[in-house]
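Below is one structure, written out as C-alpha cells, with a few remarks after it.
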Amino acid sequence: MTAHAASQAAAGAGAAKVPGFRRGVSSTDWWIIGLLLAFFTLNFADKAAIGLAAPDLEKDLGLTAAQYGLMSSAFFWLFAAGAVVLALFFRRIGWRWSAAGLMIAWVASMAPLTVPTTVGVVIASRMVLGFFEGPAHALCQSVVADRFPAERRAFAGAVVNAGSSVGPLVATPLLTWVIVTWTWHAAFVVLVAVGAVWVVVWLVVTRREPGMRPRGSAPDPAPQSPAGLERDPAGSRPTDGLEGGDIDVPLTSLLRTGSFWGLALLSFAGYLISSLKVSWLPSFLHDGMGYSRGTVGLLATLPYGLAIVVLLTAGLISGRMLKAGRSARAARGFLTMGYLCFAGVAMIAFTQVPPGGLQLALVVAAFSINSVAFSVAFAGAADFLPRRHRPGFFGCIIAAYSVAGIVAPWLLGVIVDAADTVSQGYADGFLVVGITICVFAVAGGLLLDPARSREVLLAETARRRAAAGEAR
C-alpha cells in the first residue's frame with residue numbers, strides 16, 4: 001500500500017469513528033434542502049404580498065406613504081425577539097418540529113388578513129408573523145451546517161436561500177393576478193392554503209429524521225478531515241474543512257469575535273436591500289417610474305429571477321475558492337463584500353439617471369444581490385462555530401440585521417412624503433440607502449475572518465481547560 005493510499009485509509013477509518021462525520025451527501029439531504037427551499041419560498045412570498053397589495057392597502061385604509069412604511073416595518077418589530085428566543089427554544093425540540101411549528105404559526109398569523117380588516121389587525125398580524133419568521137433563517141442554516149461538509153455548505157445554503165428570490169419570483173405575477181382579479185385578501189387565502197400543504201408534506205418526508213441533537217447531550221466531537229481537504233498553507237492542520245467541534249467557549253465569547261460583527265454588518269447591508277425590495281419595489285416601479293400595475297407584476301420579478309442566478313453562482317464560486325486553497329476570509333468575507341458593494345453602487349447610480357432602460361437595468365442589478373450575505377457569508381460562521389451554539393449565534397445576527405427591516409421601510413416613506421415629488425423622494429431615499437450599503441459591506445467584509453476567529457477561540461478553549469485542570 002502506498003503512503004498516499006495509507007493516509008486515505010487512515011483518514012477514512014478515523015472519519016468513520018467520529019459521530020456525525022459525513023463523507024458524502026445523501027438523497028435525503030437534498031430532499032430536505034428542497035423542502036427548506038420551499039419553506040423559504042413561502043417565507044418571502046408572504047413578505048411580497050404586502051408590497052404587491054400596497055396601493056389597495058393605502059386606498060382601503062387611508063394611509064400615507066410614511067404610514068404604509070410604518071405598517072410594513074411592523075413585521076420586524078418582534079423579528080429580533082423571535083430570532084433569539086425561538087432559536088434557543090428550538091435547540092430542545094429539534095429542527096423537524098421547529099420547522100413545522102413555524103409554518104403553522106405563519107398560517108395562523110396570516111389568516112386574519114383573508115377577510116376585510118383594520119389597520120390595527122394588519123399591524124398585529126405582521127408583528128406576530130415577524131416574531132415567528134425571525135428564527136427561520138437560523139434554523140435553515142443550522143440544518144445546512146449539520147448535513148453538509150464545508151466545501152458544499154455555501155452552495156447548499158445558497159439553494160435554500162434561493163427561496164428568498166423564488167418566493168417573490170413565483171408569487172409576484174400570481175398574487176398580482178389574484179389581487180387584480182379579486183382582492184388583496186385573496187392573496188393571503190392562497191398563502192394560507194399552500195402553507196398548510198407544506199406542513200403535511202414536511203412531516204411525512206422527515207418522519208424518520210432525528211433532527212438536531214437536543215440540548216444536554218454529549219458535546220460535539222472534534223471532526224477529522226479526509227485526505228485532500230483544504231489545509232492551512234503554514235501547516236498540515238485542516239482549516240475551512242473543520243467545524244467548531246473542538247471549540248468549547250460560551251456564546252458570549254463567540255459574540256465578541258470580529259467575525260460575528262462582520263457577519264452582522266454584511267447581513268445588515270443585505271437586509272437593507274431585502275426589506276425595501278419586498279415593501280417598496282412594486283410601489284417604486286408604479287409611482288416612481290410610472291409603470292402600470294400589470295407591468296409592475298412582471299418587472300418586479302426580474303430582480304428575483306436574477307438573484308437566483310447570482311446566489312447560486314456566488315455559492316459555487318465560494319466553494320471553488322476554498323478548493324483552490326484561498327482563505328475563508330477571501331471566499332466568504334471579501335466575496336460577499338464585493339457583491340454587496342456592487343449592489344450599493346448600482347443603487348446610487350439609478351438615482352442619478354433618468355427613467356428608461358438604463359435605470360431599470362440598474363434597479364434590477366441593485367435588488368438582485370441581497371441574499372449572498374445570508375448564504376456565502378453565513379457559511380463562514382460554520383467554519384468555527386460549535387454546533388450547540390449555532391441557533392443562538394445565528395439568532396443574534398438575525399436580531400442585529402432585523403434593525404434594517406424596522407428602519408428602512410419607514411424611513412423611505414418619510415423621505416418620500418417630505419420630498420416635492422414622489423420621484424424625487426424615491427431618488428433621495430435610495431441614494432442614502434446605497435451609500436449605507438457600501439459602508440456596511442466594506443466594514444463587514446474586513447471584519448469577517450473565520451480562520452482568525454477559530455484561532456482566538458481555540459486559544460480561549462485551551463486557557464479554560466487549563467484553568468479547569470488547575471482548579472481540580
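Chain identifiers are assigned as A, B, and so on, following the order in which chains appear in the C-alpha cells; residues are numbered from 1 within each chain, and ligands are numbered from 1 in order of appearance.
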Selection: 7 Å around Asp417 in chain A, only C-alpha atoms, excl. self and same-chain fewer than 4 positions, as a short mmCIF file (atom, residue, chain, number, x, y, z; two decimals) with C-alpha atoms, in the first residue's frame:
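Once everything was written out, this is part-v2.cif:
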data_model
loop_
_atom_site.label_atom_id
_atom_site.label_comp_id
_atom_site.auth_asym_id
_atom_site.auth_seq_id
_atom_site.Cartn_x
_atom_site.Cartn_y
_atom_site.Cartn_z
CA ALA A 65 -46.54 56.72 2.36
CA ALA A 66 -44.99 57.12 5.82
CA GLY A 413 -41.72 56.51 3.42
#
### Query
Do you know which residues are at most 9 Å from Gly270 in chain A counting only C-alpha atoms, after dropping those on the same chain fewer than 4 positions away, and could you put them as JSON, numbers by chain?
{"A": [265, 266, 274, 275, 340, 369, 370, 371, 372, 373, 374, 401, 437, 441]}
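In this comparison, which uses only C-alpha atoms, the residue of A:Ser375, A:Thr176, A:Thr117, A:Ser453 approaching Gly297 in chain A most closely is A:Thr176.
Atom pair CA of Thr183 in chain A / CA of Leu61 in chain A: separated by 13.7 Å.
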Practice prompt. Find the residues around Asn43 in chain A up to 10 Å (only C-alpha atoms counted), leave out those fewer than 6 positions away in its own chain, and share them as a ChimeraX atom specification.
Written response: /A:37,103,106,129,133,136-137,163-164,167-168,191,195
Enumerate the residues of range 198-387 of chain A with a DSSP assignment of alpha helix (DSSP H), computed from the backbone, and present them as a PyMOL selection string.
chain A and resi 198-205+251-255+258-279+281-283+293-299+301-323+328+335-350+357-366+376-381
query: Residues at most 9 Å from range 359-366 of chain A, counting only C-alpha atoms, excluding those fewer than 5 positions away in the same chain, as an MDAnalysis selection string?
result: chainID A and resid 273 285 289 299:300 302:304 306:307 340 342:354 434
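The nearest approach to Ser125 in chain A among the residues A:Gly425, A:Gly319, A:Gly62, A:Pro112, with only C-alpha atoms taken into account, belongs to A:Pro112.
Nearest-residue note for Ala38 in chain A: choosing from A:Val170, A:Met127, A:Ala381, A:Leu70, the minimum distance belongs to A:Val170, counting only C-alpha atoms.
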